[in-house]
There are 2 protein chains.
Amino acid sequence: MGKSAVTLKIGILGSGSGSNMVSIVDAIERGKLNAEVKVVLSDVRDAKILERAQQHRIPCQWIDCAPYRTKLDDQAEQRCVQILNAYEVDTVVLAGFMRIIKPGLLQAFPERIINIHPALLPAFPGIQAWKQALDYGAKLAGCTVHFVDQGTDTGPIIIQRSVPILPDDTYETLHARIQVEEHIAYPEALRLLAAGRLRINDRKVEILKESRGAP
Amino acid sequence: MGKSAVTLKIGILGSGSGSNMVSIVDAIERGKLNAEVKVVLSDVRDAKILERAQQHRIPCQWIDCAPYRTKLDDQAEQRCVQILNAYEVDTVVLAGFMRIIKPGLLQAFPERIINIHPALLPAFPGIQAWKQALDYGAKLAGCTVHFVDQGTDTGPIIIQRSVPILPDDTYETLHARIQVEEHIAYPEALRLLAAGRLRINDRKVEILKESRGAP
């Protein structure tokens with residue numbers, strides 16, 4: 001990282017609707033993000049993200065993770081790495097992927113696995129962060145795009161965007177407002193990565209200035 | 001709370017420059033906040049907040065808290081409560097007060113002690129929160145106005161305002177940017193309190209809609 005612009009070769013892992021995948025694919029199709037989505041993998045057989053990948057003619061596969069419910073066991077992890085390598089993926093994007101990423105995958109893509117979390121980390125790590133924020137009585141919520149490390153939602157932060165929590169908010173209305181920001185933040189973070197403008201120092205992400213003379 | 005508009009009778013406790021006190025006094029003097037600052041107390045004999053209180057002709061006193069450095073011991077606490085009561089204070093505002101508030105003061109002003117913290121709580125409680133945020137590598141910082149409870153920076157949140165953390169930020173530049181928002185947030189929170197628009201439910205602060213027919 002920190003070098004000249006490249007075309008990202010992205011592999012997406014997701015468990016749900018794939019709305020973040022769509023925001024990334026849209027940015028690519030509109031010429032706003034210099035990247036290709038090479039493959040989409042899901043641990044949920046009938047996840048909408050697989051259907052949407054097909055609609056965009058992106059190769060996609062279900063990864064059987066049984067019998068585990070929240071982790072990617074060694075065999076499933078190895079299969080993921082093999083497929084991502086077969087598609088020459090250089091950047092792994094987690095888009096609502098509900099399993100814990102273990103060292104095997106982390107080591108296969110060092111500093112190249114990115115996640116988005118629906119809270120202003122380090123506040124509200126873990127599941128259903130928008131519910132945690134509303135229940136806590138916070139007045140600002142938001143989203144965080146970060147590199148993935150061994151911890152849960154602890155990796156170096158690339159971008160954060162905030163949204164207000166409003167008096168009449170329900171879990172659903174707040175989550176929807178956060179998702180609007182996610183769909184801005186994720187393509188933007190990948191754009192910075194593609195432009196070679198991210199450098200990890202210690203655990204902080206330095207955002208380099210745009211180089212004017214770049215090709 | 002949650003009733004009709006009142007004139008707040010504020011007692012301010014501070015240890016430092018008193019910039020938040022000035023923002024509150026300014027709001028009162030400009031007719032933006034229906035309140036009076038009845039007395040300013042400081043645990044630091046030569047704190048600038050005392051000097052500034054005198055400039056605004058607000059009664060002020062040094063409270064000797066020796067030999068303790070970070071807590072308000074029972075005697076000093078009792079003296080605070082006596083002085084605040086003597087000035088008929090109904091709302092205690094902590095403005096950079098660097099001591100832990102103990103049950104005696106809390107019980108004397110139930111749900112009427114307010115603090116401002118230079119971070120988006122529950123992220124970065126404790127001291128020098130702007131340093132914590134910069135060192136963590138967060139990309140958003142901010143401030144939180146909250147009711148004080150027994151915990152450290154855990155009380156019900158009234159207002160939060162965010163600021164970006166910029167690539168060239170130092171501790172000083174980030175702190176200064178947060179303070180700009182503090183000086184907006186604190187008078188605004190007190191304005192809501194004075195207007196009877198804050199209600200604590202469980203640990204959440206409900207902000208009531210402006211009642212149109214209010215006197």
# chains A, B, ... in the order shown; residues from 1 in each chain; ligands from 1
>>> interface_residues(of="chain A", to="chain B", cutoff="7 Å", atoms="only C-alpha atoms", output="ChimeraX atom specification")
/A:122-123,136-140,156-157,159-160,167,203-207
>>> residues_around(residues="Ala86 in chain B", least_positions_apart="5", cutoff="12 Å", atoms="only C-alpha atoms", output="list in words")
Lys9, Gly11, Lys38, Val39, Pro59, Arg79, Cys80 and Val81 of chain B
>>> write_last_selection(atoms="N, CA, C and O atoms", output="tab-separated table (two decimals), in the first residue's frame")
chain	number	residue	atom	x	y	z
B	9	LYS	N	-30.88	27.86	37.76
B	9	LYS	CA	-29.93	28.49	38.68
B	9	LYS	C	-28.70	27.59	38.73
B	9	LYS	O	-28.71	26.54	39.38
B	11	GLY	N	-24.79	26.33	39.20
B	11	GLY	CA	-23.50	26.39	39.88
B	11	GLY	C	-22.49	25.67	39.02
B	11	GLY	O	-22.78	24.58	38.53
B	38	LYS	N	-25.07	31.27	39.31
B	38	LYS	CA	-25.13	31.81	40.67
B	38	LYS	C	-23.76	31.80	41.34
B	38	LYS	O	-23.46	32.68	42.15
B	39	VAL	N	-22.95	30.78	41.04
B	39	VAL	CA	-21.65	30.68	41.71
B	39	VAL	C	-20.73	29.75	40.91
B	39	VAL	O	-21.20	28.83	40.23
B	59	PRO	N	-20.12	35.39	41.62
B	59	PRO	CA	-19.48	34.94	42.86
B	59	PRO	C	-18.67	33.67	42.61
B	59	PRO	O	-19.13	32.78	41.87
B	79	ARG	N	-18.77	20.96	51.83
B	79	ARG	CA	-18.64	22.40	51.66
B	79	ARG	C	-19.22	22.85	50.32
B	79	ARG	O	-19.93	23.85	50.23
B	80	CYS	N	-18.95	22.08	49.28
B	80	CYS	CA	-19.53	22.38	47.96
B	80	CYS	C	-21.05	22.41	48.04
B	80	CYS	O	-21.69	23.35	47.54
B	81	VAL	N	-21.62	21.36	48.62
B	81	VAL	CA	-23.09	21.27	48.68
B	81	VAL	C	-23.65	22.46	49.46
B	81	VAL	O	-24.65	23.08	49.04
>>> select_by_dssp(residues="range 17-176 of chain B", states="strand (DSSP E or B)", output="JSON, numbers by chain")
{"B": [35, 36, 37, 38, 39, 40, 41, 42, 60, 61, 62, 71, 91, 92, 93, 94, 95, 100, 113, 114, 115, 116, 117, 140, 141, 142, 143, 144, 145, 146, 147, 157, 158, 159, 160, 161, 162, 163, 164]}
>>> write_last_selection(atoms="N, CA and C atoms", output="short mmCIF file (atom, residue, chain, number, x, y, z; two decimals), in the first residue's frame")
data_model
loop_
_atom_site.label_atom_id
_atom_site.label_comp_id
_atom_site.auth_asym_id
_atom_site.auth_seq_id
_atom_site.Cartn_x
_atom_site.Cartn_y
_atom_site.Cartn_z
N ALA B 35 -31.14 31.32 32.05
CA ALA B 35 -30.41 30.80 33.21
C ALA B 35 -29.60 31.91 33.85
N GLU B 36 -29.18 31.63 35.07
CA GLU B 36 -28.28 32.52 35.80
C GLU B 36 -27.15 31.66 36.34
N VAL B 37 -25.91 32.12 36.23
CA VAL B 37 -24.83 31.42 36.91
C VAL B 37 -24.69 32.05 38.29
N LYS B 38 -25.07 31.27 39.31
CA LYS B 38 -25.13 31.81 40.67
C LYS B 38 -23.76 31.80 41.34
N VAL B 39 -22.95 30.78 41.04
CA VAL B 39 -21.65 30.68 41.71
C VAL B 39 -20.73 29.75 40.91
N VAL B 40 -19.45 30.06 40.97
CA VAL B 40 -18.43 29.23 40.32
C VAL B 40 -17.45 28.75 41.39
N LEU B 41 -17.24 27.44 41.43
CA LEU B 41 -16.31 26.86 42.41
C LEU B 41 -15.16 26.17 41.67
N SER B 42 -13.97 26.30 42.23
CA SER B 42 -12.83 25.61 41.63
C SER B 42 -11.98 24.97 42.71
N CYS B 60 -17.48 33.62 43.18
CA CYS B 60 -16.66 32.43 42.96
C CYS B 60 -15.79 32.16 44.16
N GLN B 61 -15.43 30.89 44.31
CA GLN B 61 -14.63 30.47 45.46
C GLN B 61 -13.71 29.33 45.10
N TRP B 62 -12.58 29.32 45.78
CA TRP B 62 -11.69 28.17 45.72
C TRP B 62 -12.12 27.19 46.81
N LYS B 71 -10.07 13.25 43.94
CA LYS B 71 -11.44 13.11 44.42
C LYS B 71 -11.84 14.30 45.29
N THR B 91 -28.98 23.46 39.43
CA THR B 91 -28.35 22.71 38.34
C THR B 91 -26.84 22.88 38.45
N VAL B 92 -26.14 21.75 38.58
CA VAL B 92 -24.69 21.80 38.72
C VAL B 92 -24.05 21.45 37.37
N VAL B 93 -23.19 22.36 36.90
CA VAL B 93 -22.55 22.18 35.60
C VAL B 93 -21.06 21.96 35.82
N LEU B 94 -20.57 20.80 35.37
CA LEU B 94 -19.14 20.53 35.46
C LEU B 94 -18.47 21.05 34.19
N ALA B 95 -17.51 21.92 34.38
CA ALA B 95 -16.84 22.54 33.23
C ALA B 95 -15.35 22.32 33.40
N ILE B 100 -13.47 13.33 40.70
CA ILE B 100 -14.59 12.40 40.61
C ILE B 100 -15.69 12.85 41.55
N ILE B 113 -26.94 17.17 37.73
CA ILE B 113 -25.51 17.44 37.53
C ILE B 113 -25.17 17.04 36.10
N ILE B 114 -24.58 18.00 35.38
CA ILE B 114 -24.33 17.79 33.96
C ILE B 114 -22.84 17.95 33.69
N ASN B 115 -22.35 17.14 32.77
CA ASN B 115 -20.93 17.19 32.42
C ASN B 115 -20.78 17.21 30.91
N ILE B 116 -19.63 17.68 30.45
CA ILE B 116 -19.30 17.56 29.03
C ILE B 116 -18.00 16.79 28.94
N HIS B 117 -17.97 15.87 27.97
CA HIS B 117 -16.80 15.00 27.81
C HIS B 117 -16.30 15.12 26.37
N LEU B 140 -13.33 9.94 13.49
CA LEU B 140 -14.27 10.93 14.01
C LEU B 140 -14.04 11.06 15.51
N ALA B 141 -14.07 12.29 15.98
CA ALA B 141 -14.05 12.54 17.41
C ALA B 141 -15.27 13.41 17.72
N GLY B 142 -15.34 13.97 18.91
CA GLY B 142 -16.49 14.82 19.20
C GLY B 142 -16.62 15.08 20.68
N CYS B 143 -17.82 15.48 21.06
CA CYS B 143 -18.08 15.74 22.48
C CYS B 143 -19.47 15.25 22.84
N THR B 144 -19.65 15.01 24.12
CA THR B 144 -20.89 14.46 24.67
C THR B 144 -21.29 15.25 25.91
N VAL B 145 -22.51 15.80 25.92
CA VAL B 145 -23.05 16.39 27.14
C VAL B 145 -23.95 15.33 27.78
N HIS B 146 -23.75 15.07 29.07
CA HIS B 146 -24.51 14.00 29.71
C HIS B 146 -24.80 14.32 31.17
N PHE B 147 -25.86 13.72 31.68
CA PHE B 147 -26.11 13.74 33.11
C PHE B 147 -25.04 12.89 33.79
N ILE B 157 -27.04 10.41 28.05
CA ILE B 157 -26.50 11.37 27.08
C ILE B 157 -27.58 12.33 26.60
N ILE B 158 -27.25 13.62 26.62
CA ILE B 158 -28.19 14.66 26.17
C ILE B 158 -27.91 15.04 24.71
N ILE B 159 -26.66 15.33 24.41
CA ILE B 159 -26.26 15.78 23.06
C ILE B 159 -24.88 15.23 22.74
N GLN B 160 -24.68 14.87 21.47
CA GLN B 160 -23.34 14.55 20.98
C GLN B 160 -23.10 15.30 19.68
N ARG B 161 -21.91 15.81 19.51
CA ARG B 161 -21.53 16.48 18.27
C ARG B 161 -20.18 15.92 17.81
N SER B 162 -20.07 15.64 16.52
CA SER B 162 -18.84 15.03 16.01
C SER B 162 -17.97 16.05 15.29
N VAL B 163 -16.69 15.75 15.22
CA VAL B 163 -15.74 16.49 14.38
C VAL B 163 -14.85 15.47 13.68
N PRO B 164 -14.38 15.81 12.49
CA PRO B 164 -13.44 14.91 11.82
C PRO B 164 -12.07 14.94 12.49
#
>>> closest_residue(among="A:Trp130, A:Leu33, A:Gln78, A:Asp64", to="Thr170 in chain A", atoms="only C-alpha atoms")
A:Trp130
>>> atom_distance(atom1="CA of Ser19 in chain A", atom2="CA of Arg112 in chain A")
20.9 Å
>>> residues_around(residues="Val44 in chain A", least_positions_apart="6", cutoff="10 Å", atoms="only C-alpha atoms", output="number ranges by chain")
A: 14-16, 50, 61-65, 97-98
